[in-house]
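J.: So here's entry.json (JSON, C-alpha atoms).
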[["chain", "number", "residue", "atom", "x", "y", "z"],
["A", 1415, "MET", "CA", 53.24, 174.50, -25.31],
["A", 1416, "ASP", "CA", 56.88, 173.70, -24.55],
["A", 1417, "LYS", "CA", 56.03, 171.49, -21.58],
["A", 1418, "LEU", "CA", 59.56, 171.25, -20.20],
["A", 1419, "ARG", "CA", 59.85, 175.04, -20.25],
["A", 1420, "ALA", "CA", 56.41, 175.41, -18.68],
["A", 1421, "LEU", "CA", 57.32, 173.00, -15.87],
["A", 1422, "THR", "CA", 60.58, 174.84, -15.23],
["A", 1423, "VAL", "CA", 58.76, 178.18, -15.13],
["A", 1424, "PHE", "CA", 56.09, 176.84, -12.76],
["A", 1425, "ARG", "CA", 58.76, 175.44, -10.43],
["A", 1426, "ARG", "CA", 60.62, 178.75, -10.19],
["A", 1427, "VAL", "CA", 57.41, 180.76, -9.68],
["A", 1428, "VAL", "CA", 56.56, 178.54, -6.70],
["A", 1429, "GLU", "CA", 60.09, 178.65, -5.27],
["A", 1430, "LEU", "CA", 60.58, 182.40, -5.70],
["A", 1431, "GLY", "CA", 57.03, 183.43, -4.84],
["A", 1432, "SER", "CA", 56.40, 185.78, -7.75],
["A", 1433, "PHE", "CA", 56.14, 185.94, -11.54],
["A", 1434, "LYS", "CA", 58.61, 188.81, -11.72],
["A", 1435, "ALA", "CA", 61.28, 187.04, -9.68],
["A", 1436, "ALA", "CA", 60.90, 183.91, -11.81],
["A", 1437, "ALA", "CA", 61.13, 186.01, -14.97],
["A", 1438, "ASP", "CA", 64.36, 187.62, -13.76],
["A", 1439, "ASP", "CA", 65.80, 184.28, -12.68],
["A", 1440, "LEU", "CA", 65.02, 182.57, -16.02],
["A", 1441, "ASN", "CA", 65.86, 185.62, -18.17],
["A", 1442, "LEU", "CA", 62.32, 185.76, -19.53],
["A", 1443, "SER", "CA", 59.73, 188.51, -19.75],
["A", 1444, "LYS", "CA", 56.98, 188.56, -17.15],
["A", 1445, "ALA", "CA", 54.48, 188.05, -20.00],
["A", 1446, "ALA", "CA", 56.32, 184.88, -21.07],
["A", 1447, "VAL", "CA", 56.17, 183.53, -17.53],
["A", 1448, "SER", "CA", 52.42, 184.24, -17.33],
["A", 1449, "LYS", "CA", 51.87, 182.60, -20.72],
["A", 1450, "ASN", "CA", 53.65, 179.41, -19.63],
["A", 1451, "ILE", "CA", 51.60, 179.18, -16.43],
["A", 1452, "TYR", "CA", 48.31, 179.83, -18.25],
["A", 1453, "GLU", "CA", 49.12, 177.18, -20.89],
["A", 1454, "LEU", "CA", 50.09, 174.64, -18.22],
["A", 1455, "GLU", "CA", 46.88, 175.25, -16.25],
["A", 1456, "ASP", "CA", 44.84, 175.02, -19.45],
["A", 1457, "TYR", "CA", 46.53, 171.75, -20.36],
["A", 1458, "LEU", "CA", 45.88, 170.29, -16.89],
["A", 1459, "GLN", "CA", 42.39, 171.79, -16.67],
["A", 1460, "SER", "CA", 43.18, 172.78, -13.10],
["A", 1461, "PRO", "CA", 44.28, 176.00, -11.37],
["A", 1462, "LEU", "CA", 47.82, 175.77, -10.00],
["A", 1463, "ILE", "CA", 48.40, 179.35, -8.84],
["A", 1464, "GLN", "CA", 45.80, 181.87, -7.71],
["A", 1465, "ARG", "CA", 46.93, 185.40, -8.49],
["A", 1466, "THR", "CA", 45.89, 188.72, -6.98],
["A", 1467, "THR", "CA", 47.34, 192.20, -7.41],
["A", 1468, "ARG", "CA", 49.36, 191.79, -4.21],
["A", 1469, "LYS", "CA", 50.44, 188.16, -3.97],
["A", 1470, "LEU", "CA", 50.06, 184.68, -5.37],
["A", 1471, "HIS", "CA", 48.82, 181.53, -3.68],
["A", 1472, "VAL", "CA", 49.70, 178.00, -4.75],
["A", 1473, "THR", "CA", 46.61, 175.78, -4.76],
["A", 1474, "ASP", "CA", 46.54, 172.34, -3.16],
["A", 1475, "GLN", "CA", 46.71, 170.81, -6.65],
["A", 1476, "GLY", "CA", 49.61, 173.13, -7.43],
["A", 1477, "LYS", "CA", 51.52, 172.08, -4.30],
["A", 1478, "SER", "CA", 51.10, 168.39, -5.10],
["A", 1479, "TYR", "CA", 52.06, 168.97, -8.73],
["A", 1480, "TYR", "CA", 55.13, 170.98, -7.67],
["A", 1481, "GLN", "CA", 56.43, 168.16, -5.49],
["A", 1482, "GLN", "CA", 56.10, 165.66, -8.32],
["A", 1483, "ILE", "CA", 57.53, 167.77, -11.13],
["A", 1484, "CYS", "CA", 60.57, 168.69, -8.99],
["A", 1485, "GLN", "CA", 61.48, 165.01, -8.91],
["A", 1486, "VAL", "CA", 61.05, 164.78, -12.69],
["A", 1487, "LEU", "CA", 63.09, 167.90, -13.44],
["A", 1488, "ASP", "CA", 65.84, 166.89, -11.02],
["A", 1489, "SER", "CA", 66.02, 163.46, -12.62],
["A", 1490, "LEU", "CA", 66.32, 165.04, -16.07],
["A", 1491, "ALA", "CA", 69.03, 167.35, -14.83],
["A", 1492, "GLN", "CA", 70.89, 164.41, -13.32],
["A", 1493, "ALA", "CA", 70.61, 162.48, -16.58],
["A", 1494, "ASP", "CA", 72.20, 165.43, -18.38],
["A", 1495, "LEU", "CA", 74.98, 165.59, -15.78],
["A", 1496, "SER", "CA", 75.75, 161.90, -16.17],
["A", 1497, "VAL", "CA", 76.58, 162.55, -19.83],
["A", 1498, "LEU", "CA", 78.18, 165.99, -19.52],
["A", 1499, "GLU", "CA", 80.44, 165.08, -16.62],
["A", 1500, "SER", "CA", 83.19, 162.50, -16.69],
["A", 1501, "ALA", "CA", 85.37, 161.17, -13.90],
["A", 1502, "ASP", "CA", 88.51, 162.51, -15.57],
["A", 1503, "SER", "CA", 87.36, 166.00, -16.48],
["A", 1504, "LEU", "CA", 84.81, 168.00, -14.52],
["A", 1505, "LYS", "CA", 83.00, 170.55, -16.67],
["A", 1506, "GLY", "CA", 80.31, 173.15, -16.28],
["A", 1507, "SER", "CA", 79.97, 175.28, -13.14],
["A", 1508, "LEU", "CA", 79.50, 175.10, -9.39],
["A", 1509, "LYS", "CA", 77.80, 177.81, -7.34],
["A", 1510, "ILE", "CA", 79.18, 177.76, -3.80],
["A", 1511, "SER", "CA", 78.17, 179.80, -0.76],
["A", 1512, "VAL", "CA", 80.62, 180.33, 2.11],
["A", 1513, "PRO", "CA", 80.85, 182.60, 5.16],
["A", 1514, "MET", "CA", 82.64, 185.85, 4.37],
["A", 1515, "SER", "CA", 85.53, 185.75, 6.85],
["A", 1516, "LEU", "CA", 86.15, 182.00, 6.73],
["A", 1517, "GLY", "CA", 85.89, 182.18, 2.97],
["A", 1518, "LEU", "CA", 88.64, 184.78, 2.74],
["A", 1519, "VAL", "CA", 90.93, 183.13, 5.29],
["A", 1520, "GLU", "CA", 90.52, 179.43, 4.60],
["A", 1521, "ILE", "CA", 88.12, 178.40, 1.84],
["A", 1522, "ASN", "CA", 88.93, 180.67, -1.10],
["A", 1523, "PRO", "CA", 92.53, 179.36, -1.31],
["A", 1524, "LEU", "CA", 91.08, 175.83, -1.34],
["A", 1525, "LEU", "CA", 88.74, 176.76, -4.18],
["A", 1526, "CYS", "CA", 91.71, 178.06, -6.15],
["A", 1527, "ALA", "CA", 93.50, 174.74, -5.64],
["A", 1528, "PHE", "CA", 90.34, 172.85, -6.68],
["A", 1529, "MET", "CA", 90.04, 174.93, -9.86],
["A", 1530, "GLN", "CA", 93.68, 174.21, -10.65],
["A", 1531, "GLN", "CA", 92.89, 170.49, -10.51],
["A", 1532, "HIS", "CA", 89.84, 170.95, -12.76],
["A", 1533, "PRO", "CA", 90.59, 173.67, -15.33],
["A", 1534, "ALA", "CA", 87.35, 173.08, -17.30],
["A", 1535, "LEU", "CA", 85.21, 173.82, -14.23],
["A", 1536, "ALA", "CA", 83.91, 177.32, -13.46],
["A", 1537, "ILE", "CA", 83.25, 178.44, -9.86],
["A", 1538, "GLU", "CA", 80.74, 181.08, -8.81],
["A", 1539, "LEU", "CA", 81.49, 181.99, -5.19],
["A", 1540, "LEU", "CA", 78.92, 183.72, -3.01],
["A", 1541, "MET", "CA", 80.40, 185.09, 0.22],
["A", 1542, "THR", "CA", 77.90, 185.97, 2.92],
["A", 1543, "ASP", "CA", 77.59, 185.48, 6.67],
["A", 1544, "HIS", "CA", 73.80, 185.21, 6.39],
["A", 1545, "TYR", "CA", 72.01, 181.92, 5.81],
["A", 1546, "ILE", "CA", 70.56, 181.72, 2.32],
["A", 1547, "ASP", "CA", 68.00, 179.45, 0.70],
["A", 1548, "LEU", "CA", 70.09, 177.12, -1.45],
["A", 1549, "MET", "CA", 67.17, 176.09, -3.64],
["A", 1550, "GLU", "CA", 65.97, 179.65, -4.19],
["A", 1551, "GLN", "CA", 69.46, 180.96, -4.98],
["A", 1552, "GLY", "CA", 70.42, 178.01, -7.16],
["A", 1553, "VAL", "CA", 73.39, 177.16, -4.92],
["A", 1554, "ASP", "CA", 75.02, 173.75, -5.39],
["A", 1555, "ILE", "CA", 77.02, 173.68, -2.14],
["A", 1556, "ALA", "CA", 77.20, 175.80, 1.01],
["A", 1557, "VAL", "CA", 79.77, 175.77, 3.80],
["A", 1558, "ARG", "CA", 78.21, 176.71, 7.14],
["A", 1559, "GLY", "CA", 79.05, 176.82, 10.80],
["A", 1560, "GLY", "CA", 76.15, 174.59, 11.75],
["A", 1561, "ALA", "CA", 74.16, 171.63, 10.45],
["A", 1562, "THR", "CA", 70.61, 172.79, 11.21],
["A", 1563, "LEU", "CA", 68.58, 172.01, 8.09],
["A", 1564, "ALA", "CA", 65.23, 173.77, 7.89],
["A", 1565, "ASP", "CA", 64.61, 172.20, 4.48],
["A", 1566, "SER", "CA", 64.25, 168.40, 4.28],
["A", 1567, "SER", "CA", 65.60, 168.50, 0.72],
["A", 1568, "LEU", "CA", 69.09, 169.35, 2.04],
["A", 1569, "ARG", "CA", 71.89, 167.08, 3.20],
["A", 1570, "SER", "CA", 74.98, 167.81, 5.31],
["A", 1571, "ARG", "CA", 78.47, 166.43, 5.94],
["A", 1572, "LYS", "CA", 80.67, 167.49, 8.84],
["A", 1573, "LEU", "CA", 84.02, 168.94, 7.75],
["A", 1574, "THR", "CA", 85.72, 169.74, 11.04],
["A", 1575, "ASP", "CA", 85.38, 171.13, 14.55],
["A", 1576, "ILE", "CA", 86.23, 174.79, 14.95],
["A", 1577, "LYS", "CA", 88.29, 175.73, 17.99],
["A", 1578, "ARG", "CA", 87.42, 179.18, 19.33],
["A", 1579, "VAL", "CA", 89.82, 181.38, 21.23],
["A", 1580, "LEU", "CA", 89.15, 184.14, 23.76],
["A", 1581, "CYS", "CA", 91.73, 186.83, 23.08],
["A", 1582, "ALA", "CA", 92.71, 190.48, 23.44],
["A", 1583, "SER", "CA", 95.69, 192.72, 22.77],
["A", 1584, "ALA", "CA", 98.47, 193.09, 25.35],
["A", 1585, "ASP", "CA", 97.73, 196.82, 25.52],
["A", 1586, "TYR", "CA", 94.08, 196.22, 26.41],
["A", 1587, "LEU", "CA", 94.97, 193.65, 29.07],
["A", 1588, "ARG", "CA", 97.55, 195.96, 30.70],
["A", 1589, "ARG", "CA", 95.03, 198.74, 31.29],
["A", 1590, "SER", "CA", 92.07, 196.53, 32.27],
["A", 1591, "PRO", "CA", 91.07, 194.63, 35.44],
["A", 1592, "PRO", "CA", 92.68, 191.18, 35.90],
["A", 1593, "LEU", "CA", 90.92, 188.10, 34.54],
["A", 1594, "HIS", "CA", 90.88, 185.01, 36.75],
["A", 1595, "SER", "CA", 87.64, 183.38, 35.65],
["A", 1596, "PRO", "CA", 84.89, 183.91, 33.04],
["A", 1597, "ALA", "CA", 82.81, 185.77, 35.63],
["A", 1598, "ASP", "CA", 85.38, 188.58, 35.48],
["A", 1599, "LEU", "CA", 84.31, 189.34, 31.90],
["A", 1600, "SER", "CA", 81.50, 191.44, 33.36],
["A", 1601, "GLN", "CA", 84.15, 194.11, 34.11],
["A", 1602, "HIS", "CA", 85.48, 194.15, 30.54],
["A", 1603, "GLN", "CA", 84.71, 195.42, 27.08],
["A", 1604, "CYS", "CA", 83.55, 192.33, 25.19],
["A", 1605, "LEU", "CA", 83.41, 192.59, 21.42],
["A", 1606, "VAL", "CA", 80.36, 190.89, 19.92],
["A", 1607, "TYR", "CA", 79.82, 188.97, 16.68],
["A", 1608, "SER", "CA", 76.19, 189.78, 16.00],
["A", 1609, "LEU", "CA", 75.32, 186.76, 13.82],
["A", 1610, "SER", "CA", 76.29, 184.19, 16.44],
["A", 1611, "SER", "CA", 73.45, 182.07, 17.80],
["A", 1612, "SER", "CA", 74.75, 182.97, 21.27],
["A", 1613, "ALA", "CA", 76.11, 186.45, 20.57],
["A", 1614, "ARG", "CA", 75.72, 187.77, 24.15],
["A", 1615, "ARG", "CA", 76.07, 184.52, 26.06],
["A", 1616, "TRP", "CA", 79.47, 182.83, 26.19],
["A", 1617, "SER", "CA", 79.88, 179.36, 27.71],
["A", 1618, "PHE", "CA", 83.06, 178.02, 29.32],
["A", 1619, "LYS", "CA", 84.17, 174.68, 30.79],
["A", 1620, "LYS", "CA", 87.09, 173.75, 33.05],
["A", 1621, "GLN", "CA", 87.15, 170.12, 34.14],
["A", 1622, "GLN", "CA", 83.80, 169.66, 35.92],
["A", 1623, "GLN", "CA", 83.04, 173.37, 36.14],
["A", 1624, "GLN", "CA", 80.86, 175.27, 33.70],
["A", 1625, "GLN", "CA", 80.20, 178.99, 33.58],
["A", 1626, "ASP", "CA", 77.74, 180.74, 31.27],
["A", 1627, "VAL", "CA", 78.42, 184.45, 31.04],
["A", 1628, "GLU", "CA", 75.83, 187.02, 30.06],
["A", 1629, "LEU", "CA", 77.89, 189.76, 28.44],
["A", 1630, "PRO", "CA", 77.52, 193.39, 29.43],
["A", 1631, "VAL", "CA", 76.31, 195.83, 26.78],
["A", 1632, "SER", "CA", 79.06, 196.09, 24.20],
["A", 1633, "ARG", "CA", 80.49, 199.24, 22.65],
["A", 1634, "TYR", "CA", 81.25, 197.26, 19.50],
["A", 1635, "THR", "CA", 79.06, 194.77, 17.64],
["A", 1636, "VAL", "CA", 79.80, 193.57, 14.12],
["A", 1637, "ASN", "CA", 78.61, 190.94, 11.64],
["A", 1638, "ASN", "CA", 82.07, 190.06, 10.32],
["A", 1639, "GLY", "CA", 84.69, 187.92, 12.08],
["A", 1640, "LEU", "CA", 87.75, 189.52, 10.49],
["A", 1641, "ALA", "CA", 86.55, 192.98, 11.51],
["A", 1642, "LEU", "CA", 86.08, 191.63, 15.04],
["A", 1643, "ALA", "CA", 89.66, 190.31, 15.09],
["A", 1644, "GLN", "CA", 91.01, 193.60, 13.77],
["A", 1645, "THR", "CA", 89.18, 195.55, 16.47],
["A", 1646, "ALA", "CA", 90.58, 193.25, 19.17],
["A", 1647, "LYS", "CA", 94.14, 193.72, 17.81],
["A", 1648, "LEU", "CA", 93.66, 197.49, 18.03],
["A", 1649, "GLY", "CA", 93.01, 197.19, 21.77],
["A", 1650, "HIS", "CA", 89.27, 197.78, 22.02],
["A", 1651, "GLY", "CA", 88.34, 194.71, 24.03],
["A", 1652, "ILE", "CA", 88.08, 190.94, 24.29],
["A", 1653, "ALA", "CA", 86.81, 188.81, 21.41],
["A", 1654, "LEU", "CA", 85.77, 185.18, 21.07],
["A", 1655, "LEU", "CA", 86.95, 184.09, 17.63],
["A", 1656, "PRO", "CA", 87.66, 180.97, 15.55],
["A", 1657, "GLU", "CA", 91.33, 180.09, 15.82],
["A", 1658, "TYR", "CA", 91.54, 180.30, 12.00],
["A", 1659, "PHE", "CA", 91.11, 184.07, 12.23],
["A", 1660, "VAL", "CA", 93.70, 184.79, 14.94],
["A", 1661, "LYS", "CA", 96.34, 182.06, 14.64],
["A", 1662, "GLN", "CA", 98.89, 184.41, 13.05],
["A", 1663, "ALA", "CA", 98.08, 187.31, 15.39],
["A", 1664, "LEU", "CA", 98.59, 185.04, 18.40],
["A", 1665, "ALA", "CA", 101.90, 183.76, 17.03],
["A", 1666, "GLN", "CA", 103.14, 187.31, 16.37],
["A", 1667, "GLY", "CA", 101.99, 188.66, 19.73],
["A", 1668, "GLU", "CA", 99.36, 191.02, 18.33],
["A", 1669, "LEU", "CA", 96.81, 189.13, 20.43],
["A", 1670, "GLN", "CA", 97.07, 187.10, 23.62],
["A", 1671, "GLN", "CA", 94.85, 184.22, 24.63],
["A", 1672, "VAL", "CA", 92.70, 185.00, 27.65],
["A", 1673, "LEU", "CA", 91.69, 182.38, 30.24],
["A", 1674, "PRO", "CA", 93.49, 179.55, 28.39],
["A", 1675, "ASP", "CA", 92.51, 177.00, 31.06],
["A", 1676, "TRP", "CA", 88.85, 177.47, 30.23],
["A", 1677, "GLN", "CA", 87.46, 175.80, 27.13],
["A", 1678, "THR", "CA", 84.90, 177.71, 25.10],
["A", 1679, "GLU", "CA", 81.86, 176.17, 23.46],
["A", 1680, "GLN", "CA", 82.98, 174.34, 20.32],
["A", 1681, "HIS", "CA", 81.40, 174.90, 16.94],
["A", 1682, "SER", "CA", 81.59, 172.70, 13.85],
["A", 1683, "LEU", "CA", 81.86, 173.36, 10.13],
["A", 1684, "TYR", "CA", 79.56, 171.57, 7.68],
["A", 1685, "ILE", "CA", 79.11, 171.29, 3.97],
["A", 1686, "ILE", "CA", 75.45, 171.53, 2.89],
["A", 1687, "TYR", "CA", 73.94, 170.56, -0.46],
["A", 1688, "PRO", "CA", 70.54, 169.75, -2.02],
["A", 1689, "TYR", "CA", 69.79, 166.02, -1.93],
["A", 1690, "HIS", "CA", 69.31, 165.82, -5.70],
["A", 1691, "LYS", "CA", 72.92, 166.99, -6.20],
["A", 1692, "GLU", "CA", 74.30, 163.90, -4.43],
["A", 1693, "GLN", "CA", 74.94, 162.09, -7.70],
["A", 1694, "SER", "CA", 76.62, 165.05, -9.40],
["A", 1695, "GLN", "CA", 80.27, 164.25, -9.97],
["A", 1696, "LYS", "CA", 81.16, 167.94, -9.56],
["A", 1697, "VAL", "CA", 79.48, 168.12, -6.17],
["A", 1698, "ARG", "CA", 80.90, 164.79, -5.01],
["A", 1699, "ALA", "CA", 84.39, 165.77, -6.17],
["A", 1700, "PHE", "CA", 84.26, 169.06, -4.25],
["A", 1701, "ILE", "CA", 82.91, 167.42, -1.10],
["A", 1702, "ASP", "CA", 85.66, 164.76, -1.24],
["A", 1703, "PHE", "CA", 88.26, 167.48, -1.81],
["A", 1704, "MET", "CA", 87.09, 169.44, 1.23],
["A", 1705, "LEU", "CA", 86.82, 166.36, 3.46],
["A", 1706, "LEU", "CA", 90.36, 165.33, 2.54],
["A", 1707, "HIS", "CA", 91.76, 168.78, 3.29],
["A", 1708, "PHE", "CA", 90.13, 169.10, 6.70],
["A", 1709, "SER", "CA", 91.03, 165.52, 7.67],
["A", 1710, "GLN", "CA", 94.70, 166.45, 7.25],
["A", 1711, "ILE", "CA", 94.64, 169.53, 9.47]]
Spell out the structure here as structure tokens.
T.:
Amino acid sequence: MDKLRALTVFRRVVELGSFKAAADDLNLSKAAVSKNIYELEDYLQSPLIQRTTRKLHVTDQGKSYYQQICQVLDSLAQADLSVLESADSLKGSLKISVPMSLGLVEINPLLCAFMQQHPALAIELLMTDHYIDLMEQGVDIAVRGGATLADSSLRSRKLTDIKRVLCASADYLRRSPPLHSPADLSQHQCLVYSLSSSARRWSFKKQQQQQDVELPVSRYTVNNGLALAQTAKLGHGIALLPEYFVKQALAQGELQQVLPDWQTEQHSLYIIYPYHKEQSQKVRAFIDFMLLHFSQI
């Protein structure tokens, strides 16, 4: 038995929840995955995974063993990194997950600059507005609009606060009822970003006043911020968007800020990474690069 291979296979079976998924992830046959698990269980004289035709169940011994071997495998991986990486020349690859719209507007150009600094480093960029499991997807770093960590094996660093702007086109505002306070939004077409944690409830503050607005049913709901900005520019309603997405449109007059005296609820941008990646020079270098950039904005 190749014990290191068997431990790696067992770890991925547990994390991905199936033999087939682990086989695909490790570029092995399903039979090879089964063989590794059977040999490991035989060696330990203990069942680790109970298998049925429909699903698998990790035994109590298997759960305990998984926790311990993850530490061993991560330590081995870190030992490899300490030799493969040097302070002067970052090598290998980084898999990075970023939100789609923010990735296109702000982060992808930063990645290009980072690659220019480190020509021996390869970047795999995953753009998605949905939260993904970093461990399951093998992601080294994620940039997210929130620091909620469902997995205790993850760490986070705040990059910056994100100012959000309520805006609409001049054409829309000319043909719509006047807006004097957030309560007036009930008479308007409000364009909704469906993946927001408060998609249909917008909060506003003005000095000591606060107004929470339950939005009317929207004619337009979308899961992409750039599409939302485009729809607002075309005169279909009012959108609440990160300033990153509309800065140019506001400067050129394609959009106008609505209710500028009222502050909208502020969001923040974080960088997320698995705790065992903390000592990776590649990960640390990218985090430092991002922190430096956003500290200068």
J.: From the list A:Arg1633, A:His1650, A:Arg1698, A:His1532, which residue is nearest Ser1590 (chain A) when using all atoms listed in the file?
T.: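 Checking each of A:Arg1633, A:His1650, A:Arg1698, A:His1532 against Ser1590 (chain A), counting all atoms listed in the file, the winner is A:His1650.
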J.: Find the residues near region 1424-1438 of chain A: any atom within 9 Å, counting all atoms listed in the file, skip ones fewer than 6 places away on the same chain, and give them as an NGL selection string.
T.: :A and (1444-1448 or 1450-1451 or 1454 or 1462-1463 or 1469-1472 or 1476-1477 or 1480 or 1483-1484 or 1549-1550)
J.: Excluding Gln1671 (chain A) and any residue of its chain fewer than 4 positions from it, enumerate the residues within 12 Å of it, using only C-alpha atoms, and give them as a list in words.
T.: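 Answer for this query is Arg1578, Val1579, Leu1580, Cys1581, Ala1582, Ser1583, Ala1584, Leu1587, Leu1593, Ala1646, Lys1647, Ile1652, Ala1653, Leu1654, Leu1655, Glu1657, Val1660, Lys1661, Ala1663, Leu1664, Ala1665, Gly1667, Asp1675, Trp1676, Gln1677 and Thr1678 of chain A.
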J.: Between A:Tyr1658, A:Gln1601, A:Tyr1687, A:Val1631, which has the minimum distance to Arg1614 (chain A) (counting all atoms listed in the file)?
T.: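 Once distances to Arg1614 (chain A) are computed over all atoms listed in the file, the minimum belongs to A:Val1631.
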J.: From the options A:Leu1548, A:Leu1508, A:Gln1670, A:Ile1686, which residue's atoms come nearest to Arg1588 (chain A), counting only C-alpha atoms?
T.: A:Gln1670
J.: Any idea what the distance is between CA of Tyr1634 (chain A) and CA of Tyr1607 (chain A)?
T.: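 We find that CA of Tyr1634 (chain A) and CA of Tyr1607 (chain A) lie 8.9 Å from each other.
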J.: Given the point (80.6, 178.7, 3.3) in the coordinates of this file, which residues lie within 7 Å, counting only C-alpha atoms, and how would they look as a ChimeraX atom specification?
T.: /A:1511-1513,1517,1556-1558
J.: Have a look at CA of Lys1696 (chain A) and CA of Val1553 (chain A) and let me know their distance in Å, one decimal.
T.: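 Straight-line distance from CA of Lys1696 (chain A) to CA of Val1553 (chain A) works out to 12.9 Å.
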J.: With distances taken over all atoms listed in the file, which of A:Ser1515, A:Ser1611, A:Thr1422, A:Thr1542 is nearest to Gly1639 (chain A)?
T.: A:Ser1515
J.: Just to confirm, what's the straight-line distance from CA of Gly1559 (chain A) to CA of Ser1682 (chain A) in Å (one decimal)?
T.: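 Interatomic distance, CA of Gly1559 (chain A) to CA of Ser1682 (chain A): 5.7 Å.
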J.: Using all atoms listed in the file, can you tell me which of A:Leu1487, A:Met1704, A:Cys1604, A:Ser1709 comes closest to Leu1524 (chain A)?
T.: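 Closest residue, counting all atoms listed in the file: A:Met1704.
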J.: Within 8 Å of Leu1609 (chain A), counting all atoms listed in the file, which residues show up once you throw out same-chain ones fewer than 5 positions away? Write them as a VMD selection string, please.
T.: chain A and resid 1543 to 1544 1637
J.: Could those selected residues go to a file with C-alpha atoms, as a CSV table (one decimal), in the frame of the given file?
T.:
chain,number,residue,atom,x,y,z
A,1543,ASP,CA,77.6,185.5,6.7
A,1544,HIS,CA,73.8,185.2,6.4
A,1637,ASN,CA,78.6,190.9,11.6
J.: Let me make sure I understand: among A:Pro1533, A:Pro1523, A:Pro1688, A:Pro1656, which one has the smallest atom-to-atom distance to Lys1505 (chain A) if we use all atoms listed in the file?
T.: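 The shortest atom-to-atom distance to Lys1505 (chain A) comes from A:Pro1533.
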